[in-house]
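S.K.: Before I ask anything, here is the structure I am working with.
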Amino acid sequence: MRPGLAPWVAFASVVIVACSPPAPATLEFVDQSPAQPRLGEITTLRFRAVDSRGEPQAGTQVSFSLESPVPGVELSPEQGTTNATDGIVSVQVIARGGRVASVVVVATAGGDGEVKTAVSPVVSFAGTNSSSRQLTFQCGSFSGPGSGLHHAIGAWDETRALIAGVKVTCIAHVGDRNGDGITGAQVSFLTEAGTIGPSAVSLTDVVGNAEVLYKSSFPLPEDVAPENFTWEPTNDDTHTGEYIAPLWMHPFLWEENPIAAFGTPARPYEVRPEPRRNDPIRPGKINNPRDNLVSIVAITSGEEAFDDNNNNGTWDQGEPFVDLTEPFVDNNDNGTWDPHERYVDANGDGKWNGKNKQFDASTLIWAQERILWTGWPHGLDDPQVFRQLRPPPDQVPTTFIVEHFGSQTVQFLVSDPWFNRIAQNANDDGCIGGASGPVKVAPTITGIALTYPSFKFEVYSVEDVHEQPSDGEAPPESVPPVPWEVSPTCYYTAALQEGHKVGIVGPTVRGVVK
């Protein structure tokens with residue numbers, strides 16, 4: 001070594017040591033972006049070093065580690081240096097596995113024998129693709145946004161003429177295989193009848209809901225021939241396995257003439273014939289419930305549902321999956337595409353394709369919703385769509401007695417011209433008024449209809465107008481009993497939004513009150 005070199009080396013070493021920053025007074029977590037990361041996304045965590053004066057500390061080396069190892073989760077870089085301006089250092093977290101993962105990142109900085117640590121909040125990674133198992137599509141908002149159960153709208157008048165513009169909101173919910181809602185997913189809609197607006201495309205909100213407005217208009221629902229309901233619909237390479245009618249229509253209780261057959265033993269396990277009758281207004285027309293059953297589909301991109309039996313987050317050979325056909329609008333409810341029906345050509349080959357017998361991690365997934373268009377009966381329909389149950393129509397009026405301060409229950413059946421329950425979408429829907437004599441009509445069952453069987457079992461109460469006195473003498477019984485007559489009007493609301501009310505006059509009932 002040349003003379004004088006060693007002292008310079010020693011001096012340089014001292015300078016380097018002196019410039020190494022001490023441990024920060026505080027090491028703190030700053031933020032995370034994005035706030036709700038998904039599997040495969042890069043998530044950035046930021047930490048800040050602060051010196052004893054409360055100022056950002058620059059040049060501090062910070063190491064990063066996971067609080068506990070999580071398969072498929074990586075940190076990059078594993079060490080960084082804080083910025084000169086704000087004392088911040090960043091680390092990226094990547095969850096490459098196919099399973100939901102949650103991690104906690106620990107940042108460590110040391111110097112002068114001191115060690116400071118900061119711990120991030122739990123970083124949770126949700127799934128990636130939309131899953132067909134989680135795609136839900138229903139119309140109406142029964143118990144809050146995104147909930148269905150409004151299955152019918154009043155779209156026909158008594159002459160079978162269209163009432164255009166009757167509206168209902170339909171909501172598709174898009175989620176991943178773990179049940180997390182997916183934000184910003186594009187959902188498209190197709191319908192058999194009516195229109196979807198203002199656009200047939202909608203984006204999901206922060207909880208994964210995509211909303212669209214449906215309304216009655218041309219084209220009309222397809223007029224279909226009566227069929228049979230079975231619990232074992234065809235489910236093969238070209239059939240979806242859907243029931244011919246949704247269960248909220250009670251197809252397992254169908255009878256060819258449900259009004260006349262009321263009271264006979266139910267046979268839900270047998271193949272059930274769809275209700276049907278000749279239309280008394282339109283020559284050659286056979287009315288049946290599915291004439292007004294409208295198919296609507298919601299479509300988005302995602303993966304077919306599968307059973308992740310080994311819990312590795314991906315589909316493996318041999319694991320069961322739900323094979324989907326290309327999306328289509330099932331106008332005639334037979335569970336497969338027919339040449340006149342609309343469809344989406346997912347693979348661009350110019351034709352509709354059934355199930356391809358392979359798991360698709362990226363395809364078009366879809367769900368079907370069906371709603372009823374209902375009307376109200378014309379006078380010519382009355383003999384077939386009304387039936388008086390209590391009192392029986394042949395009962396002598398003087399034997400149907402309302403006791404002093406008492407009441408009697410009246411029951412009858414009513415359906416629309418196609419053997420469907422009339423759309424009932426308001427909490428106050430029910431029978432009121434129409435009393436003659438010392439009685440009043442009180443509704444017994446009111447509210448929104450949750451299911452739509454072949455008829456409405458309607459009930460109301462006929463009550464003595466005299467009231468029990470709180471004090472003093474009660475009015476005496478009438479001697480002889482006083483005749484009364486009621487023909488109540490039963491109101492049914494066509495839709496939740498600006499829906500008109502349909503008034504149906506019930507069968508006339510007579511009796512006496514004491």
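Starting from 1 in every chain, residues are counted up; chains themselves are A, B, ... following the order of the structure tokens, and ligands are numbered from 1 as listed.
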Report as a list in words all protein, DNA and RNA residues lying within 10 Å of Cys431 (chain A), evaluated on only C-alpha atoms, omitting residues in the same chain fewer than 3 positions from it.

M.R.: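 Surrounding residues, per the criterion: Asp428, Gly434, Val441, Ala442, Pro443, Thr444, Ile445, Thr446, Glu458, Val459, Tyr460, Ser461, Ser487, Pro488, Thr489, Cys490, Tyr491, Tyr492, Gly503, Ile504, Val505 and Gly506 of chain A.
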
S.K.: Which neighbours of Ser102 (chain A) fall inside 12 Å, counting only C-alpha atoms, when residues of the same chain fewer than 3 positions from it are skipped, and could you give them as a PyMOL selection string?

M.R.: chain A and resi 36-39+66-73+93-95+97+99+105+120-127

S.K.: Taking into account only C-alpha atoms, which residue in the set A:Pro391, A:Pro265, A:Pro251, A:Pro275 is nearest to Phe412 (chain A)?

M.R.: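 Closest to Phe412 (chain A) of all the choices is A:Pro391.
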
S.K.: Return the single residue from A:Tyr269, A:Trp376, A:Phe306, A:Phe386 that is closest to Asp360 (chain A), with distances computed using only C-alpha atoms.

M.R.: A:Phe306

S.K.: Using only C-alpha atoms, which protein or nucleic acid residues come within 8 Å of region 399-405 of chain A? Drop anything in the same chain fewer than 4 positions from it, and give the result as a PyMOL selection string.

M.R.: chain A and resi 391+395+462-468+477+510-514

S.K.: Using only C-alpha atoms, determine which residues lie at most 6 Å from Gly148 (chain A), disregarding the query and same-chain residues fewer than 2 positions distant; provide the list as a PyMOL selection string.

M.R.: chain A and resi 138-142+150

S.K.: Keeping only all heavy atoms, write the selected residues as a PDB file, in the first residue's frame.

M.R.:
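part38.pdb, written as the output of this step:
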ATOM      1  N   GLN A 138     -83.585 -10.876 -10.625  1.00  0.00           N
ATOM      2  CA  GLN A 138     -84.980 -10.824 -10.195  1.00  0.00           C
ATOM      3  C   GLN A 138     -85.542  -9.441 -10.466  1.00  0.00           C
ATOM      4  O   GLN A 138     -84.793  -8.464 -10.565  1.00  0.00           O
ATOM      5  CB  GLN A 138     -85.110 -11.150  -8.704  1.00  0.00           C
ATOM      6  CG  GLN A 138     -84.806 -12.593  -8.356  1.00  0.00           C
ATOM      7  CD  GLN A 138     -85.065 -12.900  -6.891  1.00  0.00           C
ATOM      8  OE1 GLN A 138     -84.922 -12.044  -6.024  1.00  0.00           O
ATOM      9  NE2 GLN A 138     -85.463 -14.122  -6.605  1.00  0.00           N
ATOM     10  N   CYS A 139     -86.870  -9.360 -10.546  1.00  0.00           N
ATOM     11  CA  CYS A 139     -87.531  -8.086 -10.792  1.00  0.00           C
ATOM     12  C   CYS A 139     -88.249  -7.603  -9.543  1.00  0.00           C
ATOM     13  O   CYS A 139     -88.775  -8.399  -8.763  1.00  0.00           O
ATOM     14  CB  CYS A 139     -88.511  -8.202 -11.955  1.00  0.00           C
ATOM     15  SG  CYS A 139     -87.695  -8.424 -13.557  1.00  0.00           S
ATOM     16  N   GLY A 140     -88.290  -6.280  -9.384  1.00  0.00           N
ATOM     17  CA  GLY A 140     -88.917  -5.671  -8.225  1.00  0.00           C
ATOM     18  C   GLY A 140     -87.944  -5.494  -7.091  1.00  0.00           C
ATOM     19  O   GLY A 140     -86.824  -5.986  -7.114  1.00  0.00           O
ATOM     20  N   SER A 141     -88.356  -4.723  -6.092  1.00  0.00           N
ATOM     21  CA  SER A 141     -87.569  -4.547  -4.876  1.00  0.00           C
ATOM     22  C   SER A 141     -88.512  -4.775  -3.706  1.00  0.00           C
ATOM     23  O   SER A 141     -89.173  -3.855  -3.226  1.00  0.00           O
ATOM     24  CB  SER A 141     -86.949  -3.152  -4.819  1.00  0.00           C
ATOM     25  OG  SER A 141     -85.963  -3.016  -5.800  1.00  0.00           O
ATOM     26  N   PHE A 142     -88.565  -6.009  -3.258  1.00  0.00           N
ATOM     27  CA  PHE A 142     -89.567  -6.378  -2.269  1.00  0.00           C
ATOM     28  C   PHE A 142     -89.143  -5.980  -0.864  1.00  0.00           C
ATOM     29  O   PHE A 142     -89.885  -5.370  -0.116  1.00  0.00           O
ATOM     30  CB  PHE A 142     -89.829  -7.878  -2.333  1.00  0.00           C
ATOM     31  CG  PHE A 142     -90.889  -8.346  -1.373  1.00  0.00           C
ATOM     32  CD1 PHE A 142     -92.216  -8.082  -1.612  1.00  0.00           C
ATOM     33  CD2 PHE A 142     -90.551  -9.020  -0.217  1.00  0.00           C
ATOM     34  CE1 PHE A 142     -93.199  -8.478  -0.731  1.00  0.00           C
ATOM     35  CE2 PHE A 142     -91.528  -9.435   0.675  1.00  0.00           C
ATOM     36  CZ  PHE A 142     -92.849  -9.162   0.417  1.00  0.00           C
ATOM     37  N   HIS A 150     -91.486  -9.443  -7.110  1.00  0.00           N
ATOM     38  CA  HIS A 150     -92.602  -8.829  -7.828  1.00  0.00           C
ATOM     39  C   HIS A 150     -92.668  -9.505  -9.188  1.00  0.00           C
ATOM     40  O   HIS A 150     -91.942  -9.150 -10.116  1.00  0.00           O
ATOM     41  CB  HIS A 150     -92.418  -7.317  -7.949  1.00  0.00           C
ATOM     42  CG  HIS A 150     -92.626  -6.611  -6.658  1.00  0.00           C
ATOM     43  ND1 HIS A 150     -93.861  -6.217  -6.212  1.00  0.00           N
ATOM     44  CD2 HIS A 150     -91.761  -6.278  -5.678  1.00  0.00           C
ATOM     45  CE1 HIS A 150     -93.740  -5.642  -5.021  1.00  0.00           C
ATOM     46  NE2 HIS A 150     -92.469  -5.672  -4.681  1.00  0.00           N
TER      47      HIS A 150
END

S.K.: Could you find all residues in region 190-419 of chain A that DSSP calls strand (DSSP E) from the backbone, and write them as a VMD selection string?

M.R.: chain A and resid 190 to 191 195 to 197 201 to 203 209 to 215 228 to 229 272 to 273 277 to 278 286 to 287 293 to 302 363 to 374 386 to 390 401 to 402 407 to 414

S.K.: Keeping only C-alpha atoms, write the selected residues to a file as a PDB file, in the first residue's frame.

M.R.:
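As a result, again-v9.pdb now contains:
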ATOM      1  CA  LEU A 190     -82.562  -9.406 -23.553  1.00  0.00           C
ATOM      2  CA  THR A 191     -86.323  -9.855 -23.349  1.00  0.00           C
ATOM      3  CA  THR A 195     -88.686  -3.256 -23.637  1.00  0.00           C
ATOM      4  CA  ILE A 196     -85.716  -2.713 -21.347  1.00  0.00           C
ATOM      5  CA  GLY A 197     -84.549   0.866 -21.018  1.00  0.00           C
ATOM      6  CA  VAL A 201     -76.601  -2.495 -20.793  1.00  0.00           C
ATOM      7  CA  SER A 202     -75.927  -1.578 -17.181  1.00  0.00           C
ATOM      8  CA  LEU A 203     -72.884  -1.506 -14.860  1.00  0.00           C
ATOM      9  CA  ASN A 209     -76.065  -4.816  -8.489  1.00  0.00           C
ATOM     10  CA  ALA A 210     -76.992  -3.784 -12.040  1.00  0.00           C
ATOM     11  CA  GLU A 211     -80.418  -2.197 -12.369  1.00  0.00           C
ATOM     12  CA  VAL A 212     -82.574  -1.841 -15.472  1.00  0.00           C
ATOM     13  CA  LEU A 213     -86.121  -0.587 -16.069  1.00  0.00           C
ATOM     14  CA  TYR A 214     -88.520  -2.995 -17.768  1.00  0.00           C
ATOM     15  CA  LYS A 215     -91.875  -1.884 -19.187  1.00  0.00           C
ATOM     16  CA  ASN A 228     -97.530 -30.333 -18.853  1.00  0.00           C
ATOM     17  CA  PHE A 229     -95.436 -29.609 -15.779  1.00  0.00           C
ATOM     18  CA  ARG A 272     -99.709 -31.774 -14.096  1.00  0.00           C
ATOM     19  CA  PRO A 273    -101.672 -30.471 -17.134  1.00  0.00           C
ATOM     20  CA  ARG A 277    -109.908 -22.690 -21.802  1.00  0.00           C
ATOM     21  CA  ASN A 278    -111.383 -21.322 -25.001  1.00  0.00           C
ATOM     22  CA  ILE A 286    -106.940 -21.131 -26.229  1.00  0.00           C
ATOM     23  CA  ASN A 287    -105.939 -19.233 -23.102  1.00  0.00           C
ATOM     24  CA  LEU A 293     -95.076 -15.621 -19.162  1.00  0.00           C
ATOM     25  CA  VAL A 294     -92.242 -13.361 -20.357  1.00  0.00           C
ATOM     26  CA  SER A 295     -88.620 -14.519 -20.384  1.00  0.00           C
ATOM     27  CA  ILE A 296     -85.868 -11.963 -19.644  1.00  0.00           C
ATOM     28  CA  VAL A 297     -82.166 -12.808 -19.429  1.00  0.00           C
ATOM     29  CA  ALA A 298     -79.185 -11.029 -17.855  1.00  0.00           C
ATOM     30  CA  ILE A 299     -75.760 -11.696 -19.400  1.00  0.00           C
ATOM     31  CA  THR A 300     -72.228 -10.882 -18.260  1.00  0.00           C
ATOM     32  CA  SER A 301     -68.743 -12.342 -18.624  1.00  0.00           C
ATOM     33  CA  GLY A 302     -67.378 -14.779 -16.083  1.00  0.00           C
ATOM     34  CA  THR A 363     -67.277 -17.164 -21.171  1.00  0.00           C
ATOM     35  CA  LEU A 364     -70.697 -15.507 -21.161  1.00  0.00           C
ATOM     36  CA  ILE A 365     -72.666 -16.436 -18.077  1.00  0.00           C
ATOM     37  CA  TRP A 366     -76.382 -15.738 -17.856  1.00  0.00           C
ATOM     38  CA  ALA A 367     -79.497 -16.041 -15.725  1.00  0.00           C
ATOM     39  CA  GLN A 368     -83.185 -16.045 -16.639  1.00  0.00           C
ATOM     40  CA  GLU A 369     -86.017 -14.181 -14.935  1.00  0.00           C
ATOM     41  CA  ARG A 370     -89.670 -14.589 -15.878  1.00  0.00           C
ATOM     42  CA  ILE A 371     -92.563 -12.255 -15.171  1.00  0.00           C
ATOM     43  CA  LEU A 372     -96.289 -12.428 -15.897  1.00  0.00           C
ATOM     44  CA  TRP A 373     -98.404  -9.981 -17.816  1.00  0.00           C
ATOM     45  CA  THR A 374    -101.899 -10.175 -16.356  1.00  0.00           C
ATOM     46  CA  PHE A 386    -115.213 -16.558 -10.747  1.00  0.00           C
ATOM     47  CA  ARG A 387    -116.414 -19.083  -8.184  1.00  0.00           C
ATOM     48  CA  GLN A 388    -118.307 -18.292  -4.994  1.00  0.00           C
ATOM     49  CA  LEU A 389    -117.174 -20.507  -2.101  1.00  0.00           C
ATOM     50  CA  ARG A 390    -118.639 -19.066   1.100  1.00  0.00           C
ATOM     51  CA  ILE A 401    -126.592 -14.606   9.383  1.00  0.00           C
ATOM     52  CA  VAL A 402    -124.362 -11.864  10.779  1.00  0.00           C
ATOM     53  CA  SER A 407    -119.240 -10.745  11.327  1.00  0.00           C
ATOM     54  CA  GLN A 408    -119.164 -13.341   8.562  1.00  0.00           C
ATOM     55  CA  THR A 409    -116.349 -14.262   6.211  1.00  0.00           C
ATOM     56  CA  VAL A 410    -116.959 -14.361   2.473  1.00  0.00           C
ATOM     57  CA  GLN A 411    -114.695 -16.347   0.155  1.00  0.00           C
ATOM     58  CA  PHE A 412    -114.483 -16.600  -3.620  1.00  0.00           C
ATOM     59  CA  LEU A 413    -112.013 -17.428  -6.382  1.00  0.00           C
ATOM     60  CA  VAL A 414    -111.075 -15.097  -9.227  1.00  0.00           C
TER      61      VAL A 414
END

S.K.: Rank nothing, just name the residue among A:Glu304, A:Asp394, A:Asp381, A:Glu114 nearest to Asp279 (chain A), using only C-alpha atoms.

M.R.: A:Asp381

S.K.: Find the residue from A:Ala84, A:Leu27, A:Ile153, A:Met249 that sits nearest to Val106 (chain A); use only C-alpha atoms when measuring.

M.R.: A:Leu27

S.K.: Give the answer as one residue: which of A:Phe252, A:Trp156, A:Phe218, A:Phe189 has the shortest atom-to-atom distance to Glu232 (chain A), using only C-alpha atoms?

M.R.: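 The closest residue to Glu232 (chain A) is A:Phe252.
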
S.K.: Residues at most 8 Å from Arg421 (chain A), counting only C-alpha atoms, excluding those fewer than 5 positions away in the same chain, as a PyMOL selection string?

M.R.: chain A and resi 374+414-416+452-456

S.K.: Give me the residues near His340 (chain A) as a list in words, where near means some atom within 10 Å (using only C-alpha atoms) and where sequence neighbours in that chain fewer than 5 positions away do not count.

M.R.: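 Close residues of His340 (chain A): Val329, Asp330 and Asn331 of chain A.
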
S.K.: Hey, what's within 9 Å of Thr234 (chain A) if we count only C-alpha atoms and toss same-chain stuff fewer than 2 positions away? As a compact mmCIF listing (two decimals) with C-alpha atoms, in the first residue's frame, please?

M.R.:
# COMPACT_ATOMS: atom_id res chain seq x y z
CA GLU A 232 -87.95 -33.87 -14.28
CA ASP A 236 -79.03 -32.52 -21.78
CA HIS A 239 -81.60 -28.14 -22.74
CA THR A 240 -81.05 -26.02 -19.64
CA GLY A 241 -83.14 -28.17 -17.28
CA GLU A 242 -85.41 -25.22 -16.36
CA TYR A 243 -88.98 -26.00 -15.31
CA ASN A 334 -89.17 -25.46 -23.45
CA GLY A 335 -85.65 -25.08 -22.06
